Amino acid sequence: MKKYTYSEKKDTRSGFGAGLHEAGQKNPDVVALCADLKGSLKMDAFADEFPERFIQIGIAEANMIGIAAGMTIGGKIPFTGTFANFSTGRVYDQIRQSVAYSNKNVKICASHAGLTLGEDGATHQILEDIGLMKMLPGMVVINPCDYNQTKAATLAIAEYEGPVYLRFGRPSIPVFTDPDQKFEIGKAWMVNEGTDVTIVATGHMVWKAIEAGEQLAALGIDAEIINIHTIKPLDEEAILKSLKKTGCVVTCEEHNKFGGLGESVARLLSTELPSPQEFVAVNDSFGESGTPDQLMTKYGLDTINIVEAAQKVIKRKK
Amino acid sequence: MKHTINELEDIVSQVRRDIVRMVHGCQSGHPGGSLGCAEFLTALYFETMNHSTDFKMDGAGEDLFFLSNGHISPVFYSVLARSGYFEVSELATFRKLNSRVQGHPTTHEGLPGIRIASGSLGQGMSVAIGAALTKKLNKDHSLVFSLHGDGELQEGQNWEAIMFAPHNKVDNLISTIDYNGQQIDGPTEKILSLENLQTKFEAFGWHVITSNGNNMEDIVKALEYAKSLTGKGRPILNLMSTQMGYGVDFMVGSHKWHGTAPNDEQLASALSQNKETLGDY
């Protein structure tokens, strides 16, 4: 098992804030819109340096999505910022008609996704957003795994022409990816090569997959770990190549098991390479209040859940 | 003026023929609101706006128009075609398979003149504000126009946009409300009362003007007046009284023709009331 270490923990939303600031410095057409959550989304640096390109919408997310769509007409590249719940479920029809169907170059940037939002509870913990966004034709869906990857992804989507959903989170987690990485939309990252089982993980679950890989190695199981940061378009080639080698897969995501990364992988494998699969995901439920760690444990999204799922799926191989 | 009032009225007559023929041709669509807004769209595209029929999505240096109540697509398509954005013969494909002239306006099939999809109501004012903000950032002094149904104002997103525009001094925006008092299920005052729209918009900080949308001279003057009010720190709202179905005697003033197609006999009657001026498609 390849050794991964980290020297600090940071929140992925701060990676977004840093990426947005740098994207703003690189490209004068980048504009940022926020629905009264500038601080939570770490948009202050951008807003301070480019006040004329920062648009405070107020608590009106539907209006924010529509304004962002309109701003693309004339060449601006709008980044909208609010919590994941208000970025998707609240404004689905606005995104569907004014952004996706109209093919507008809007970047929907969503923080506090998933259970790790913590104490605010289920009203704010959306676990359905990946599904909602990936069903929209033409929508790119990205869920990076740490501060550095989120920053790199933010810079990459500024250069990509078309609608994007970028999902990140609130808690501080290990920073373990290369700060100078080149983020390639739709290209999986091989975290660790192995032969017994493929672990496909996205977002906050990638570090847990690495921890699980170490525990599995101690049990004599050689896990291949793949980071799928882009859920759509899915890097099908990387997944199929790995499954041809390992013959089974565990998918890991901080999302409902319905509609998430796991289902995308299952859809691919069912037609191309039927293989045993286990899902480490929320089992069709809402969340609740608690600390992020408590919630990840209660809802079965911990390192031990990945280890157990790997052992189980290996047994299912013929 | 680019055209005389008589010339504009001749165009309107042809637009009305296009509308009823399009809706009759596919036995589907929304003639009522389309007929009621024929003068407005004609005035906008043939007189008021500075625009190019050599369509470019970014609209730099041009006045832009956004149709929020996308179901009145027949009048929009007719005016775009008659302006020269695309061949009028394409109007015959309205709502048919493999057409660019979709039931509701969309960029998806690449029809020149359309910059955003609309149909799901209440989204157009936000989009128009966004385009207006970009014009300001780009130091582009052209204007943004939008049209909204009165019933459409029941959608909450409008009020987010109506609150935003004055606060942010979006004074390069002229929004028009098609104030015909009708919606699919009946008169707006019975379905969900709009109360006093003028005072509502004024309370939010808009500069409100009123106009008669079925009088060509009046609507042309109103739009010119609206343009003179731009750049003064406030968005402009044109509260435009119209009659749904105007120009066809058996349709006028009734919500029953909001979304119903005429039969052959009704088509003949409607066409007899609107002379062919530019040649049917």
# chains A, B, ... in the order shown; residues from 1 in each chain; ligands from 1
>>> closest_atom_pairs(of="chain B", to="chain A", cutoff="8 Å", atoms="only C-alpha atoms", output="tab-separated table")
residue	atom	partner	partner_atom	distance
B:Met57	CA	A:Ile73	CA	6.6
B:Asp58	CA	A:Gly74	CA	4.2
B:Gly59	CA	A:Gly74	CA	6.3
B:Ala60	CA	A:Gly74	CA	6.1
B:Thr106	CA	A:Ser102	CA	6.7
B:Thr107	CA	A:Ser102	CA	5.5
B:His108	CA	A:Ser102	CA	6.1
B:Arg115	CA	A:Ile73	CA	7.7
B:Ile116	CA	A:Ser102	CA	5.5
B:Ala117	CA	A:Ser102	CA	5.5
B:Ser118	CA	A:Gln97	CA	7.0
B:Ser120	CA	A:Gln97	CA	7.4
B:Gln123	CA	A:Gly66	CA	6.2
B:Gly124	CA	A:Gly66	CA	7.4
B:Met125	CA	A:Gly66	CA	7.9
B:Ser126	CA	A:Gly66	CA	4.7
B:Val127	CA	A:Gly70	CA	4.1
B:Ala128	CA	A:Gly70	CA	6.0
B:Ile129	CA	A:Ile67	CA	6.0
B:Gly130	CA	A:Ile67	CA	3.9
B:Ala131	CA	A:Gly70	CA	4.5
B:Ala132	CA	A:Met71	CA	7.6
B:Leu133	CA	A:Met71	CA	6.7
B:Thr134	CA	A:Met71	CA	5.2
B:Lys135	CA	A:Gly74	CA	7.0
B:Leu137	CA	A:Glu52	CA	7.8
B:Asn138	CA	A:Gly74	CA	7.8
B:Gln157	CA	A:Asn63	CA	6.0
B:Asn158	CA	A:Asn63	CA	7.9
B:Glu160	CA	A:Asn63	CA	6.0
B:Ala161	CA	A:Asn63	CA	5.9
B:Phe164	CA	A:Ile57	CA	7.2
>>> residues_around(residues="stretch 227-236 of chain B", least_positions_apart="3", cutoff="10 Å", atoms="only C-alpha atoms", output="ChimeraX atom specification")
/B:48-49,129,141,143,145,162,165-176,201-202,205-209,221-224,239
>>> residues_around(residues="B:Val12", least_positions_apart="4", cutoff="7 Å", atoms="only C-alpha atoms", output="MDAnalysis selection string")
chainID B and resid 8 16 38:39 42
>>> closest_atom_pairs(of="stretch 169-212 of chain A", to="stretch 228-234 of chain A", cutoff="9 Å", atoms="only C-alpha atoms", output="tab-separated table")
residue	atom	partner	partner_atom	distance
A:Glu184	CA	A:Thr230	CA	8.9
A:Ile185	CA	A:Thr230	CA	6.2
A:Gly186	CA	A:Thr230	CA	5.1
A:Lys187	CA	A:Thr230	CA	7.1
A:Ala188	CA	A:Ile228	CA	5.0
A:Trp189	CA	A:Ile228	CA	6.7
A:Met190	CA	A:Ile228	CA	8.9
A:Val200	CA	A:Ile228	CA	6.6
A:Ala201	CA	A:Ile228	CA	6.0
A:Thr202	CA	A:Ile228	CA	5.3
A:Gly203	CA	A:His229	CA	6.8
A:Val206	CA	A:Ile228	CA	8.9
>>> write_last_selection(atoms="N, CA and C atoms", output="JSON list (two decimals), in the first residue's frame")
[["chain", "number", "residue", "atom", "x", "y", "z"],
["A", 184, "GLU", "N", -7.75, 17.25, -14.14],
["A", 184, "GLU", "CA", -8.31, 16.93, -15.44],
["A", 184, "GLU", "C", -9.74, 16.44, -15.25],
["A", 185, "ILE", "N", -10.72, 17.21, -15.74],
["A", 185, "ILE", "CA", -12.13, 16.84, -15.60],
["A", 185, "ILE", "C", -12.36, 15.48, -16.27],
["A", 186, "GLY", "N", -13.01, 14.58, -15.53],
["A", 186, "GLY", "CA", -13.35, 13.28, -16.12],
["A", 186, "GLY", "C", -12.24, 12.24, -16.09],
["A", 187, "LYS", "N", -11.15, 12.56, -15.42],
["A", 187, "LYS", "CA", -10.00, 11.63, -15.39],
["A", 187, "LYS", "C", -9.80, 11.15, -13.96],
["A", 188, "ALA", "N", -9.96, 9.86, -13.75],
["A", 188, "ALA", "CA", -9.79, 9.29, -12.41],
["A", 188, "ALA", "C", -8.34, 9.40, -11.95],
["A", 189, "TRP", "N", -8.16, 9.42, -10.64],
["A", 189, "TRP", "CA", -6.81, 9.44, -10.05],
["A", 189, "TRP", "C", -6.53, 8.09, -9.38],
["A", 190, "MET", "N", -5.50, 7.42, -9.83],
["A", 190, "MET", "CA", -5.12, 6.14, -9.23],
["A", 190, "MET", "C", -4.38, 6.42, -7.93],
["A", 200, "VAL", "N", -13.58, 2.43, -5.07],
["A", 200, "VAL", "CA", -13.80, 3.67, -5.81],
["A", 200, "VAL", "C", -14.42, 4.67, -4.84],
["A", 201, "ALA", "N", -13.76, 5.80, -4.64],
["A", 201, "ALA", "CA", -14.23, 6.75, -3.63],
["A", 201, "ALA", "C", -14.25, 8.16, -4.18],
["A", 202, "THR", "N", -15.15, 8.97, -3.61],
["A", 202, "THR", "CA", -15.25, 10.37, -4.02],
["A", 202, "THR", "C", -15.39, 11.25, -2.78],
["A", 203, "GLY", "N", -14.90, 12.50, -2.89],
["A", 203, "GLY", "CA", -15.08, 13.49, -1.83],
["A", 203, "GLY", "C", -14.39, 13.11, -0.54],
["A", 206, "VAL", "N", -12.47, 9.67, 0.27],
["A", 206, "VAL", "CA", -11.22, 9.19, -0.31],
["A", 206, "VAL", "C", -10.17, 8.95, 0.78]]
>>> select_by_dssp(residues="stretch 134-242 of chain B", states="helix (DSSP H, G or I)", output="PyMOL selection string")
chain B and resi 134-137+151-154+156-167+188-191+197-204+216-228
>>> write_last_selection(atoms="C-alpha atoms", output="CSV table (one decimal), in the first residue's frame")
chain,number,residue,atom,x,y,z
B,134,THR,CA,-23.0,41.8,-17.7
B,135,LYS,CA,-23.6,44.7,-20.0
B,136,LYS,CA,-22.7,47.1,-17.2
B,137,LEU,CA,-19.5,45.1,-16.4
B,151,GLY,CA,-50.4,35.5,-14.1
B,152,GLU,CA,-46.7,34.6,-14.2
B,153,LEU,CA,-46.1,37.0,-11.4
B,154,GLN,CA,-47.6,34.4,-9.1
B,156,GLY,CA,-42.2,33.6,-6.4
B,157,GLN,CA,-38.9,33.9,-8.2
B,158,ASN,CA,-40.2,37.1,-9.9
B,159,TRP,CA,-40.4,38.8,-6.5
B,160,GLU,CA,-36.8,37.9,-5.7
B,161,ALA,CA,-35.8,39.5,-9.0
B,162,ILE,CA,-38.1,42.5,-8.5
B,163,MET,CA,-36.4,43.1,-5.1
B,164,PHE,CA,-32.9,42.7,-6.5
B,165,ALA,CA,-33.1,45.0,-9.5
B,166,PRO,CA,-33.7,48.4,-7.8
B,167,HIS,CA,-31.3,47.5,-4.9
B,188,THR,CA,-56.3,36.4,-12.5
B,189,GLU,CA,-58.5,38.2,-10.1
B,190,LYS,CA,-60.4,34.9,-9.5
B,191,ILE,CA,-57.4,32.6,-9.5
B,197,LEU,CA,-49.3,46.0,-9.6
B,198,GLN,CA,-48.3,49.6,-10.2
B,199,THR,CA,-48.0,50.3,-6.5
B,200,LYS,CA,-46.4,46.9,-5.8
B,201,PHE,CA,-43.6,47.6,-8.3
B,202,GLU,CA,-43.2,51.2,-7.1
B,203,ALA,CA,-43.0,50.0,-3.5
B,204,PHE,CA,-40.1,47.7,-4.6
B,216,MET,CA,-49.4,50.6,-31.9
B,217,GLU,CA,-48.8,54.3,-31.5
B,218,ASP,CA,-49.1,54.2,-27.8
B,219,ILE,CA,-46.8,51.2,-27.3
B,220,VAL,CA,-44.1,52.7,-29.6
B,221,LYS,CA,-44.3,56.0,-27.6
B,222,ALA,CA,-44.2,54.1,-24.3
B,223,LEU,CA,-41.1,52.1,-25.2
B,224,GLU,CA,-39.4,55.3,-26.4
B,225,TYR,CA,-40.3,57.0,-23.1
B,226,ALA,CA,-39.1,53.9,-21.2
B,227,LYS,CA,-35.7,54.2,-23.0
B,228,SER,CA,-35.5,57.8,-21.9
>>> atom_distance(atom1="atom CA of A:Ala217", atom2="atom CA of A:Gln311")
11.6 Å
>>> select_by_dssp(residues="stretch 195-306 of chain A", states="strand (DSSP E)", output="PyMOL selection string")
chain A and resi 197-201+223-227+230-232+249-256+277-282
>>> write_last_selection(atoms="N, CA and C atoms", output="compact mmCIF listing (two decimals), in the first residue's frame")
# COMPACT_ATOMS: atom_id res chain seq x y z
N VAL A 197 -9.26 -6.14 -4.76
CA VAL A 197 -10.55 -5.43 -4.75
C VAL A 197 -10.31 -3.99 -5.19
N THR A 198 -11.28 -3.45 -5.92
CA THR A 198 -11.20 -2.03 -6.29
C THR A 198 -12.07 -1.22 -5.33
N ILE A 199 -11.49 -0.19 -4.76
CA ILE A 199 -12.28 0.74 -3.95
C ILE A 199 -12.36 2.05 -4.71
N VAL A 200 -13.58 2.43 -5.07
CA VAL A 200 -13.80 3.67 -5.81
C VAL A 200 -14.42 4.67 -4.84
N ALA A 201 -13.76 5.80 -4.64
CA ALA A 201 -14.23 6.75 -3.63
C ALA A 201 -14.25 8.16 -4.18
N ALA A 223 -5.66 -3.82 -1.92
CA ALA A 223 -6.76 -3.03 -2.50
C ALA A 223 -6.25 -2.01 -3.51
N GLU A 224 -6.97 -1.94 -4.64
CA GLU A 224 -6.71 -0.86 -5.59
C GLU A 224 -7.69 0.27 -5.23
N ILE A 225 -7.15 1.47 -5.10
CA ILE A 225 -8.00 2.61 -4.69
C ILE A 225 -8.00 3.65 -5.80
N ILE A 226 -9.20 3.98 -6.25
CA ILE A 226 -9.36 4.97 -7.32
C ILE A 226 -10.18 6.15 -6.80
N ASN A 227 -9.66 7.33 -7.01
CA ASN A 227 -10.43 8.54 -6.69
C ASN A 227 -11.20 8.99 -7.93
N THR A 230 -14.60 13.20 -10.63
CA THR A 230 -15.63 13.61 -11.60
C THR A 230 -16.63 12.45 -11.75
N ILE A 231 -17.80 12.66 -11.21
CA ILE A 231 -18.81 11.60 -11.26
C ILE A 231 -19.47 11.59 -12.63
N LYS A 232 -19.51 12.72 -13.26
CA LYS A 232 -20.02 12.80 -14.63
C LYS A 232 -19.22 13.87 -15.39
N VAL A 249 -15.82 -4.62 -6.57
CA VAL A 249 -15.67 -3.19 -6.28
C VAL A 249 -16.50 -2.77 -5.06
N VAL A 250 -15.92 -1.82 -4.32
CA VAL A 250 -16.65 -1.13 -3.26
C VAL A 250 -16.71 0.34 -3.65
N THR A 251 -17.91 0.92 -3.69
CA THR A 251 -18.03 2.34 -3.99
C THR A 251 -18.33 3.10 -2.69
N CYS A 252 -17.68 4.26 -2.53
CA CYS A 252 -17.76 5.00 -1.27
C CYS A 252 -18.11 6.46 -1.53
N GLU A 253 -19.19 6.91 -0.91
CA GLU A 253 -19.62 8.30 -1.13
C GLU A 253 -20.45 8.78 0.04
N GLU A 254 -20.38 10.08 0.28
CA GLU A 254 -21.18 10.72 1.33
C GLU A 254 -22.47 11.21 0.68
N HIS A 255 -23.34 10.26 0.36
CA HIS A 255 -24.52 10.53 -0.46
C HIS A 255 -25.46 9.36 -0.30
N ASN A 256 -26.70 9.58 -0.61
CA ASN A 256 -27.64 8.46 -0.65
C ASN A 256 -27.14 7.40 -1.64
N GLN A 277 -20.54 -5.87 -6.31
CA GLN A 277 -20.32 -4.49 -5.84
C GLN A 277 -20.97 -4.32 -4.48
N GLU A 278 -20.27 -3.62 -3.60
CA GLU A 278 -20.86 -3.21 -2.32
C GLU A 278 -20.87 -1.69 -2.26
N PHE A 279 -21.90 -1.16 -1.62
CA PHE A 279 -22.08 0.31 -1.55
C PHE A 279 -21.81 0.78 -0.12
N VAL A 280 -20.82 1.67 0.02
CA VAL A 280 -20.68 2.40 1.28
C VAL A 280 -21.27 3.78 1.01
N ALA A 281 -22.50 3.93 1.46
CA ALA A 281 -23.26 5.15 1.18
C ALA A 281 -24.40 5.20 2.18
N VAL A 282 -25.09 6.32 2.22
CA VAL A 282 -26.22 6.44 3.15
C VAL A 282 -27.37 5.60 2.61
>>> residues_around(residues="A:Leu117", least_positions_apart="6", cutoff="10 Å", atoms="only C-alpha atoms", output="PyMOL selection string")
chain A and resi 83+111+124-126+169-171+287-292+295
>>> atom_distance(atom1="atom CA of B:Glu155", atom2="atom CA of B:His258")
18.1 Å
